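Visitor: Take a look at the following structure, please.
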Amino acid sequence: MDVWLLILKYACCVLAGYFVGTFNPSYLLARIKGYDIRSKGSGNAGASNALILFGKLRGAICALLDISKAFLVVFIMQRVFPELPLVYAFTAAACILGHIFPFYMGFKGGKGLACLAGVILCYDWRYFLIALVIEIAIALLTDYICFIPLTASIGFTLSYLIMRQDVWGTLIILVAASAIFFRHMENLKRIKAGSELRLSFLWNRKKEIERLRKNTGKSEKDYFIDEE
């Protein structure tokens, strides 16, 4: 294959992945309602903050849209360019990075968890289900959602290397996984400071809001804006 044609095809994968990744339903929903989602709740422009601010139903819809966009763009690019050995890695990494660093949001987007779920689902649905069970267990044991992307980004990168024996593909995925990991460092700082919202707010909202009010001075309206 001509080297310039090869570069062009990979460029198409990267551009498609990035621009699809920049579609952010949580950010757009908040804009429709008249504010920037990054100024409320956890400050994250992603599905986890949509869950906090908009309620379980709309938060779940935002998560499903983020998962779907990543799954679809990787799936389509693999069908368009089946001859490219790194089509999965380039498209998947670009989609995650597009979600985290969208150009129209000043490169300050979400944290990439739902997109990571989408690219894992496209990789292997069986691995996705196993990882889902493990990550749910981690979240329930720690009572913090942020441990899901931290462990999943590392776990998938290592699993991809072991299962595919693809060093270059792994290095490409590692770029996106590193971005996910470092975007969640602030969550660890908030856990240490006692200001990170716990998973148990889903079923024990009053107690969690009271804990945060004591630690941060924030009121309930700073975390929960809309009711379902």
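Residues in the structure tokens are numbered from 1 in each chain, the chains being A, B, ... in the order shown, and ligands are numbered from 1 in the order shown.
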Near Tyr160 of chain A, counting only C-alpha atoms, which residues have an atom at most 9 Å away, once you skip same-chain residues fewer than 6 positions from it, shown as a list in words?

Guide: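 That gives Asp166, Gly169, Thr170 and Ile173 of chain A.
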
Visitor: Just want the 8 Å neighbourhood of segment 209-217 of chain A, counted on only C-alpha atoms, with same-chain residues fewer than 3 positions away dropped. Output as a PyMOL selection string.

Guide: chain A and resi 194-197+201+205-206+220

Visitor: Need the shell around Lys108 of chain A: protein/DNA/RNA residues with any atom at most 12 Å away, counting only C-alpha atoms. Skip same-chain ones fewer than 6 positions apart. Format as a PDB file with all heavy atoms, in the first residue's frame?

Guide:
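And here is the file that came out, result_34.pdb:
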```
ATOM      1  N   THR A  22     -16.189  14.518  20.103  1.00  0.00           N
ATOM      2  CA  THR A  22     -16.483  15.851  20.642  1.00  0.00           C
ATOM      3  C   THR A  22     -17.973  16.078  20.895  1.00  0.00           C
ATOM      4  O   THR A  22     -18.338  17.016  21.608  1.00  0.00           O
ATOM      5  CB  THR A  22     -15.988  16.968  19.692  1.00  0.00           C
ATOM      6  OG1 THR A  22     -16.674  16.877  18.445  1.00  0.00           O
ATOM      7  CG2 THR A  22     -14.487  16.868  19.466  1.00  0.00           C
ATOM      8  N   ASN A  24     -20.979  16.002  22.824  1.00  0.00           N
ATOM      9  CA  ASN A  24     -21.126  15.850  24.265  1.00  0.00           C
ATOM     10  C   ASN A  24     -22.567  16.150  24.681  1.00  0.00           C
ATOM     11  O   ASN A  24     -22.944  17.319  24.869  1.00  0.00           O
ATOM     12  CB  ASN A  24     -20.156  16.797  24.990  1.00  0.00           C
ATOM     13  CG  ASN A  24     -20.078  16.535  26.475  1.00  0.00           C
ATOM     14  OD1 ASN A  24     -21.087  16.383  27.146  1.00  0.00           O
ATOM     15  ND2 ASN A  24     -18.861  16.458  27.002  1.00  0.00           N
ATOM     16  N   TYR A  27     -23.068  18.261  28.005  1.00  0.00           N
ATOM     17  CA  TYR A  27     -22.766  19.682  27.840  1.00  0.00           C
ATOM     18  C   TYR A  27     -23.885  20.386  27.071  1.00  0.00           C
ATOM     19  O   TYR A  27     -24.322  21.480  27.449  1.00  0.00           O
ATOM     20  CB  TYR A  27     -21.442  19.826  27.102  1.00  0.00           C
ATOM     21  CG  TYR A  27     -21.064  21.250  26.752  1.00  0.00           C
ATOM     22  CD1 TYR A  27     -20.487  22.091  27.698  1.00  0.00           C
ATOM     23  CD2 TYR A  27     -21.279  21.759  25.464  1.00  0.00           C
ATOM     24  CE1 TYR A  27     -20.131  23.393  27.379  1.00  0.00           C
ATOM     25  CE2 TYR A  27     -20.929  23.063  25.144  1.00  0.00           C
ATOM     26  CZ  TYR A  27     -20.363  23.873  26.101  1.00  0.00           C
ATOM     27  OH  TYR A  27     -20.016  25.171  25.775  1.00  0.00           O
ATOM     28  N   ASP A  36     -23.449  26.309  31.859  1.00  0.00           N
ATOM     29  CA  ASP A  36     -22.340  25.435  31.513  1.00  0.00           C
ATOM     30  C   ASP A  36     -22.242  24.338  32.568  1.00  0.00           C
ATOM     31  O   ASP A  36     -22.089  24.625  33.758  1.00  0.00           O
ATOM     32  CB  ASP A  36     -21.036  26.244  31.473  1.00  0.00           C
ATOM     33  CG  ASP A  36     -19.854  25.453  30.914  1.00  0.00           C
ATOM     34  OD1 ASP A  36     -19.860  24.210  31.015  1.00  0.00           O
ATOM     35  OD2 ASP A  36     -18.914  26.085  30.392  1.00  0.00           O
ATOM     36  N   ILE A  37     -22.340  23.080  32.164  1.00  0.00           N
ATOM     37  CA  ILE A  37     -22.337  21.965  33.103  1.00  0.00           C
ATOM     38  C   ILE A  37     -21.051  21.913  33.914  1.00  0.00           C
ATOM     39  O   ILE A  37     -21.019  21.393  35.030  1.00  0.00           O
ATOM     40  CB  ILE A  37     -22.550  20.626  32.356  1.00  0.00           C
ATOM     41  CG1 ILE A  37     -22.847  19.496  33.356  1.00  0.00           C
ATOM     42  CG2 ILE A  37     -21.354  20.289  31.465  1.00  0.00           C
ATOM     43  CD1 ILE A  37     -23.255  18.194  32.704  1.00  0.00           C
ATOM     44  N   ARG A  38     -19.979  22.500  33.382  1.00  0.00           N
ATOM     45  CA  ARG A  38     -18.699  22.496  34.086  1.00  0.00           C
ATOM     46  C   ARG A  38     -18.677  23.430  35.292  1.00  0.00           C
ATOM     47  O   ARG A  38     -17.725  23.411  36.078  1.00  0.00           O
ATOM     48  CB  ARG A  38     -17.582  22.870  33.111  1.00  0.00           C
ATOM     49  CG  ARG A  38     -17.384  21.841  31.995  1.00  0.00           C
ATOM     50  CD  ARG A  38     -16.455  22.343  30.912  1.00  0.00           C
ATOM     51  NE  ARG A  38     -17.015  23.488  30.216  1.00  0.00           N
ATOM     52  CZ  ARG A  38     -16.420  24.100  29.188  1.00  0.00           C
ATOM     53  NH1 ARG A  38     -15.258  23.657  28.752  1.00  0.00           N
ATOM     54  NH2 ARG A  38     -16.996  25.137  28.613  1.00  0.00           N
ATOM     55  N   SER A  39     -19.721  24.243  35.435  1.00  0.00           N
ATOM     56  CA  SER A  39     -19.798  25.176  36.562  1.00  0.00           C
ATOM     57  C   SER A  39     -20.677  24.656  37.693  1.00  0.00           C
ATOM     58  O   SER A  39     -20.847  25.324  38.708  1.00  0.00           O
ATOM     59  CB  SER A  39     -20.348  26.530  36.085  1.00  0.00           C
ATOM     60  OG  SER A  39     -21.712  26.400  35.677  1.00  0.00           O
ATOM     61  N   GLY A  43     -18.391  19.458  38.284  1.00  0.00           N
ATOM     62  CA  GLY A  43     -17.599  20.247  37.345  1.00  0.00           C
ATOM     63  C   GLY A  43     -17.172  19.477  36.110  1.00  0.00           C
ATOM     64  O   GLY A  43     -16.449  20.011  35.264  1.00  0.00           O
ATOM     65  N   ASN A  44     -17.639  18.253  35.970  1.00  0.00           N
ATOM     66  CA  ASN A  44     -17.267  17.411  34.833  1.00  0.00           C
ATOM     67  C   ASN A  44     -18.309  17.505  33.728  1.00  0.00           C
ATOM     68  O   ASN A  44     -19.502  17.419  33.982  1.00  0.00           O
ATOM     69  CB  ASN A  44     -17.137  15.956  35.297  1.00  0.00           C
ATOM     70  CG  ASN A  44     -16.911  15.004  34.150  1.00  0.00           C
ATOM     71  OD1 ASN A  44     -16.170  15.308  33.227  1.00  0.00           O
ATOM     72  ND2 ASN A  44     -17.563  13.853  34.199  1.00  0.00           N
ATOM     73  N   ALA A  45     -17.840  17.660  32.498  1.00  0.00           N
ATOM     74  CA  ALA A  45     -18.753  17.731  31.352  1.00  0.00           C
ATOM     75  C   ALA A  45     -18.975  16.328  30.802  1.00  0.00           C
ATOM     76  O   ALA A  45     -18.600  16.004  29.674  1.00  0.00           O
ATOM     77  CB  ALA A  45     -18.176  18.639  30.269  1.00  0.00           C
ATOM     78  N   GLY A  46     -19.591  15.496  31.630  1.00  0.00           N
ATOM     79  CA  GLY A  46     -19.812  14.123  31.217  1.00  0.00           C
ATOM     80  C   GLY A  46     -21.040  13.527  31.858  1.00  0.00           C
ATOM     81  O   GLY A  46     -21.760  14.177  32.617  1.00  0.00           O
ATOM     82  N   LEU A  97     -10.119  10.926  23.174  1.00  0.00           N
ATOM     83  CA  LEU A  97      -9.447  12.226  23.287  1.00  0.00           C
ATOM     84  C   LEU A  97     -10.351  13.362  22.804  1.00  0.00           C
ATOM     85  O   LEU A  97     -10.283  14.477  23.332  1.00  0.00           O
ATOM     86  CB  LEU A  97      -8.143  12.207  22.494  1.00  0.00           C
ATOM     87  CG  LEU A  97      -7.057  11.279  23.063  1.00  0.00           C
ATOM     88  CD1 LEU A  97      -5.863  11.214  22.108  1.00  0.00           C
ATOM     89  CD2 LEU A  97      -6.607  11.727  24.445  1.00  0.00           C
ATOM     90  N   GLY A  98     -11.189  13.083  21.816  1.00  0.00           N
ATOM     91  CA  GLY A  98     -12.141  14.090  21.357  1.00  0.00           C
ATOM     92  C   GLY A  98     -13.146  14.446  22.437  1.00  0.00           C
ATOM     93  O   GLY A  98     -13.537  15.604  22.586  1.00  0.00           O
ATOM     94  N   HIS A  99     -13.564  13.430  23.200  1.00  0.00           N
ATOM     95  CA  HIS A  99     -14.495  13.681  24.305  1.00  0.00           C
ATOM     96  C   HIS A  99     -13.831  14.478  25.422  1.00  0.00           C
ATOM     97  O   HIS A  99     -14.445  15.372  26.008  1.00  0.00           O
ATOM     98  CB  HIS A  99     -14.999  12.341  24.855  1.00  0.00           C
ATOM     99  CG  HIS A  99     -15.965  12.482  25.978  1.00  0.00           C
ATOM    100  ND1 HIS A  99     -17.300  12.764  25.787  1.00  0.00           N
ATOM    101  CD2 HIS A  99     -15.795  12.387  27.329  1.00  0.00           C
ATOM    102  CE1 HIS A  99     -17.912  12.844  26.961  1.00  0.00           C
ATOM    103  NE2 HIS A  99     -17.018  12.615  27.908  1.00  0.00           N
ATOM    104  N   ILE A 100     -12.570  14.159  25.704  1.00  0.00           N
ATOM    105  CA  ILE A 100     -11.859  14.834  26.791  1.00  0.00           C
ATOM    106  C   ILE A 100     -11.394  16.236  26.385  1.00  0.00           C
ATOM    107  O   ILE A 100     -11.427  17.168  27.195  1.00  0.00           O
ATOM    108  CB  ILE A 100     -10.647  13.985  27.239  1.00  0.00           C
ATOM    109  CG1 ILE A 100     -11.115  12.642  27.798  1.00  0.00           C
ATOM    110  CG2 ILE A 100      -9.819  14.732  28.296  1.00  0.00           C
ATOM    111  CD1 ILE A 100      -9.983  11.688  28.138  1.00  0.00           C
ATOM    112  N   PHE A 101     -10.990  16.384  25.102  1.00  0.00           N
ATOM    113  CA  PHE A 101     -10.439  17.658  24.641  1.00  0.00           C
ATOM    114  C   PHE A 101     -11.199  18.175  23.414  1.00  0.00           C
ATOM    115  O   PHE A 101     -10.635  18.291  22.324  1.00  0.00           O
ATOM    116  CB  PHE A 101      -8.958  17.493  24.293  1.00  0.00           C
ATOM    117  CG  PHE A 101      -8.115  16.941  25.405  1.00  0.00           C
ATOM    118  CD1 PHE A 101      -7.579  15.664  25.327  1.00  0.00           C
ATOM    119  CD2 PHE A 101      -7.849  17.701  26.533  1.00  0.00           C
ATOM    120  CE1 PHE A 101      -6.792  15.150  26.345  1.00  0.00           C
ATOM    121  CE2 PHE A 101      -7.062  17.200  27.570  1.00  0.00           C
ATOM    122  CZ  PHE A 101      -6.542  15.922  27.476  1.00  0.00           C
ATOM    123  N   PRO A 102     -12.480  18.516  23.551  1.00  0.00           N
ATOM    124  CA  PRO A 102     -13.251  19.030  22.407  1.00  0.00           C
ATOM    125  C   PRO A 102     -12.851  20.467  22.070  1.00  0.00           C
ATOM    126  O   PRO A 102     -12.740  21.310  22.966  1.00  0.00           O
ATOM    127  CB  PRO A 102     -14.698  18.959  22.904  1.00  0.00           C
ATOM    128  CG  PRO A 102     -14.590  19.079  24.380  1.00  0.00           C
ATOM    129  CD  PRO A 102     -13.297  18.422  24.769  1.00  0.00           C
ATOM    130  N   ALA A 179      -4.770   9.884  29.443  1.00  0.00           N
ATOM    131  CA  ALA A 179      -5.588  11.095  29.556  1.00  0.00           C
ATOM    132  C   ALA A 179      -6.753  10.866  30.514  1.00  0.00           C
ATOM    133  O   ALA A 179      -7.069  11.730  31.347  1.00  0.00           O
ATOM    134  CB  ALA A 179      -6.111  11.503  28.177  1.00  0.00           C
ATOM    135  N   ARG A 183      -7.050  12.794  34.131  1.00  0.00           N
ATOM    136  CA  ARG A 183      -8.219  13.652  34.310  1.00  0.00           C
ATOM    137  C   ARG A 183      -8.944  13.343  35.612  1.00  0.00           C
ATOM    138  O   ARG A 183      -9.726  14.153  36.108  1.00  0.00           O
ATOM    139  CB  ARG A 183      -9.176  13.503  33.121  1.00  0.00           C
ATOM    140  CG  ARG A 183      -8.787  14.260  31.897  1.00  0.00           C
ATOM    141  CD  ARG A 183      -9.026  15.768  32.029  1.00  0.00           C
ATOM    142  NE  ARG A 183     -10.421  16.099  31.805  1.00  0.00           N
ATOM    143  CZ  ARG A 183     -11.212  16.729  32.661  1.00  0.00           C
ATOM    144  NH1 ARG A 183     -10.736  17.097  33.833  1.00  0.00           N
ATOM    145  NH2 ARG A 183     -12.467  17.010  32.375  1.00  0.00           N
TER     146      ARG A 183
END
```

Visitor: If we count only C-alpha atoms and set the cut-off at 12 Å, which residues sit around Cys12 of chain A, ignoring sequence neighbours fewer than 6 positions away in its own chain? Please answer as a list in words.

Guide: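 Contacts, with the query itself left out: Leu5, Leu6, Tyr18, Phe19, Val20, Val73, Val74, Ile76, Met77, Gln78, Val80, Phe81, Leu84, Val87, Phe90, Thr91 and Ala94 of chain A.
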
Visitor: Which polymer residues have any atom within 8 Å of an atom of segment 58-60 of chain A, counting only C-alpha atoms, with same-chain residues fewer than 4 positions away left out, as a list in words?

Guide: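 Once the nearby chain positions are removed, what remains is Ser26, Ala47, Ser48, Asn49, Ala50, Leu51, Ile52, Phe54, Leu64 and Glu228 of chain A.
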
Visitor: How would the residues just chosen look if you wrote them out with all heavy atoms as a tab-separated table (two decimals), in the first residue's frame?

Guide:
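Full text of again16.tsv as output:
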```tsv
chain	number	residue	atom	x	y	z
A	26	SER	N	-24.17	15.74	27.48
A	26	SER	CA	-24.31	16.35	28.80
A	26	SER	C	-24.11	17.86	28.72
A	26	SER	O	-24.88	18.65	29.29
A	26	SER	CB	-23.30	15.74	29.78
A	26	SER	OG	-23.43	14.34	29.82
A	47	ALA	N	-21.26	12.24	31.57
A	47	ALA	CA	-22.48	11.57	32.01
A	47	ALA	C	-22.59	11.46	33.52
A	47	ALA	O	-23.69	11.51	34.07
A	47	ALA	CB	-22.56	10.19	31.37
A	48	SER	N	-21.45	11.30	34.22
A	48	SER	CA	-21.52	11.18	35.68
A	48	SER	C	-22.05	12.46	36.32
A	48	SER	O	-22.84	12.41	37.27
A	48	SER	CB	-20.14	10.83	36.25
A	48	SER	OG	-19.20	11.85	35.94
A	49	ASN	N	-21.66	13.61	35.78
A	49	ASN	CA	-22.18	14.88	36.31
A	49	ASN	C	-23.61	15.11	35.86
A	49	ASN	O	-24.40	15.72	36.58
A	49	ASN	CB	-21.29	16.04	35.87
A	49	ASN	CG	-21.46	17.27	36.76
A	49	ASN	OD1	-21.88	17.16	37.90
A	49	ASN	ND2	-21.13	18.43	36.23
A	50	ALA	N	-23.95	14.62	34.67
A	50	ALA	CA	-25.35	14.70	34.22
A	50	ALA	C	-26.25	13.91	35.16
A	50	ALA	O	-27.37	14.32	35.45
A	50	ALA	CB	-25.47	14.17	32.79
A	51	LEU	N	-25.75	12.78	35.65
A	51	LEU	CA	-26.50	11.98	36.61
A	51	LEU	C	-26.75	12.77	37.89
A	51	LEU	O	-27.85	12.74	38.45
A	51	LEU	CB	-25.71	10.70	36.92
A	51	LEU	CG	-26.30	9.75	37.95
A	51	LEU	CD1	-27.56	9.11	37.40
A	51	LEU	CD2	-25.28	8.68	38.33
A	52	ILE	N	-25.74	13.50	38.32
A	52	ILE	CA	-25.86	14.31	39.54
A	52	ILE	C	-26.85	15.46	39.33
A	52	ILE	O	-27.73	15.71	40.15
A	52	ILE	CB	-24.49	14.88	39.95
A	52	ILE	CG1	-23.54	13.75	40.34
A	52	ILE	CG2	-24.64	15.88	41.10
A	52	ILE	CD1	-22.10	14.21	40.50
A	54	PHE	N	-29.01	16.18	36.54
A	54	PHE	CA	-30.28	16.02	35.83
A	54	PHE	C	-31.11	14.84	36.29
A	54	PHE	O	-32.24	14.66	35.86
A	54	PHE	CB	-30.03	15.86	34.32
A	54	PHE	CG	-29.15	16.92	33.73
A	54	PHE	CD1	-28.16	16.60	32.82
A	54	PHE	CD2	-29.30	18.25	34.08
A	54	PHE	CE1	-27.34	17.57	32.26
A	54	PHE	CE2	-28.49	19.23	33.54
A	54	PHE	CZ	-27.51	18.89	32.63
A	64	LEU	N	-25.49	6.54	27.75
A	64	LEU	CA	-25.74	5.64	26.61
A	64	LEU	C	-25.35	6.30	25.29
A	64	LEU	O	-24.84	5.63	24.38
A	64	LEU	CB	-27.22	5.24	26.58
A	64	LEU	CG	-27.65	4.25	27.67
A	64	LEU	CD1	-29.16	4.05	27.64
A	64	LEU	CD2	-26.93	2.91	27.50
A	228	GLU	N	-36.36	14.30	38.08
A	228	GLU	CA	-36.91	13.50	37.00
A	228	GLU	C	-38.43	13.61	37.00
A	228	GLU	O	-39.04	13.73	38.06
A	228	GLU	CB	-36.48	12.04	37.15
A	228	GLU	CG	-34.99	11.83	36.98
A	228	GLU	CD	-34.60	10.39	37.17
A	228	GLU	OE1	-35.40	9.62	37.68
A	228	GLU	OE2	-33.45	10.03	36.80
```

Visitor: Taking into account only C-alpha atoms, which residue in the set A:Leu57, A:Ala137, A:Arg126, A:Val119 is nearest to Tyr88 of chain A?

Guide: A:Val119

Visitor: Find, counting only C-alpha atoms, the residue in A:Leu8, A:Ile191, A:Cys115, A:Leu140 that gets nearest to Ala70 of chain A.

Guide: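 Closest candidate: A:Cys115.
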